[in-house]
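Please read the structure below before turning to the comments.
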Amino acid sequence: MAHSWLAVWVLPLGFVIGLTFGAFGLVMNSLAPGYDFFTYFFTLVLTPTLLLSGVFFPGRANAPCAAHRGRDTAAFAWDRHRAPLLSGKVPDNIVFHIAVLLAYACAAYYVALVLTRAAPLS
């Protein structure tokens, strides 16, 4: 249970991470020729992202190259700030990490828009 008002900021942060992963889903939706294609997204993109980012276990337990690669994921920024906010602390570099999340979301929405417009209507 959270004992600080800072825990309220987890909700807008969750909204931003939802937009980010939703944008990645829209990119895969624009590429998908059929329903079965979405298993590639979960297998090749989402699972490694969550495993390397430290969501399920500490990222420092990974090999150095995997730990470095995990810091580049959107889930890392979410996980990096969720725990301190729930424990009543202001996270380090929160503005930078939220900007990274929004940059990921904007870039993915733009790619999804371009791919959707280029898709043939059939």
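Just remember, in the structure tokens the first chain shown is A, the second B, etc., residues are 1-based per chain, and ligands are 1-based in the order shown.
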
Original post:
Neighbours of Tyr109 (chain A) within 9 Å (only C-alpha atoms; same-chain residues fewer than 3 positions away dropped), as a count of residues only?
Top reply: 12

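Distance annotation: of A:Gly25, A:Trp9, A:Ser87, A:Ala119, the residue with the minimal separation from Thr39 (chain A) is A:Gly25; atom set is only C-alpha atoms.
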
**OP:** Taking the DSSP assignment computed from this structure's backbone, write out as a ChimeraX atom specification all residues of region 2-45 of chain A that belong to alpha helix (DSSP H).
**Re:** /A:10-31,38-40

Subject >> Pick from A:Leu101, A:Val10, A:Leu51, A:Ser4, whichever lies nearest to Arg82 (chain A) using only C-alpha atoms >> reply: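 The answer is A:Val10, which sits nearest to Arg82 (chain A).
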
**OP:** For each of A:Tyr110, A:Tyr35, A:Tyr40, A:Phe76, take the minimum atom-to-atom distance to Ser53 (chain A), counting only C-alpha atoms, then give the residue where this is smallest.
**Re:**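 Going through A:Tyr110, A:Tyr35, A:Tyr40, A:Phe76 one by one, the smallest distance to Ser53 (chain A) is for A:Phe76.
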
**OP:** Find the spatial neighbours of Asn93 (chain A), counting only C-alpha atoms, within a cut-off of 12 Å - ignore same-chain residues fewer than 2 positions away - and output them as a ChimeraX atom specification.
**Re:** /A:77,80-81,84,90-91,95-100

Original post:
Just how far from CA of Ala7 (chain A) is CA of Ala83 (chain A), in Å to one decimal?
Top reply: 9.1 Å

**OP:** Figure out the distance between CA of Asp79 (chain A) and CA of Ala61 (chain A), please, to one decimal in Å.
**Re:** 15.3 Å

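Between CA of Leu102 (chain A) and CA of Ile17 (chain A) the interatomic distance comes to 8.4 Å.
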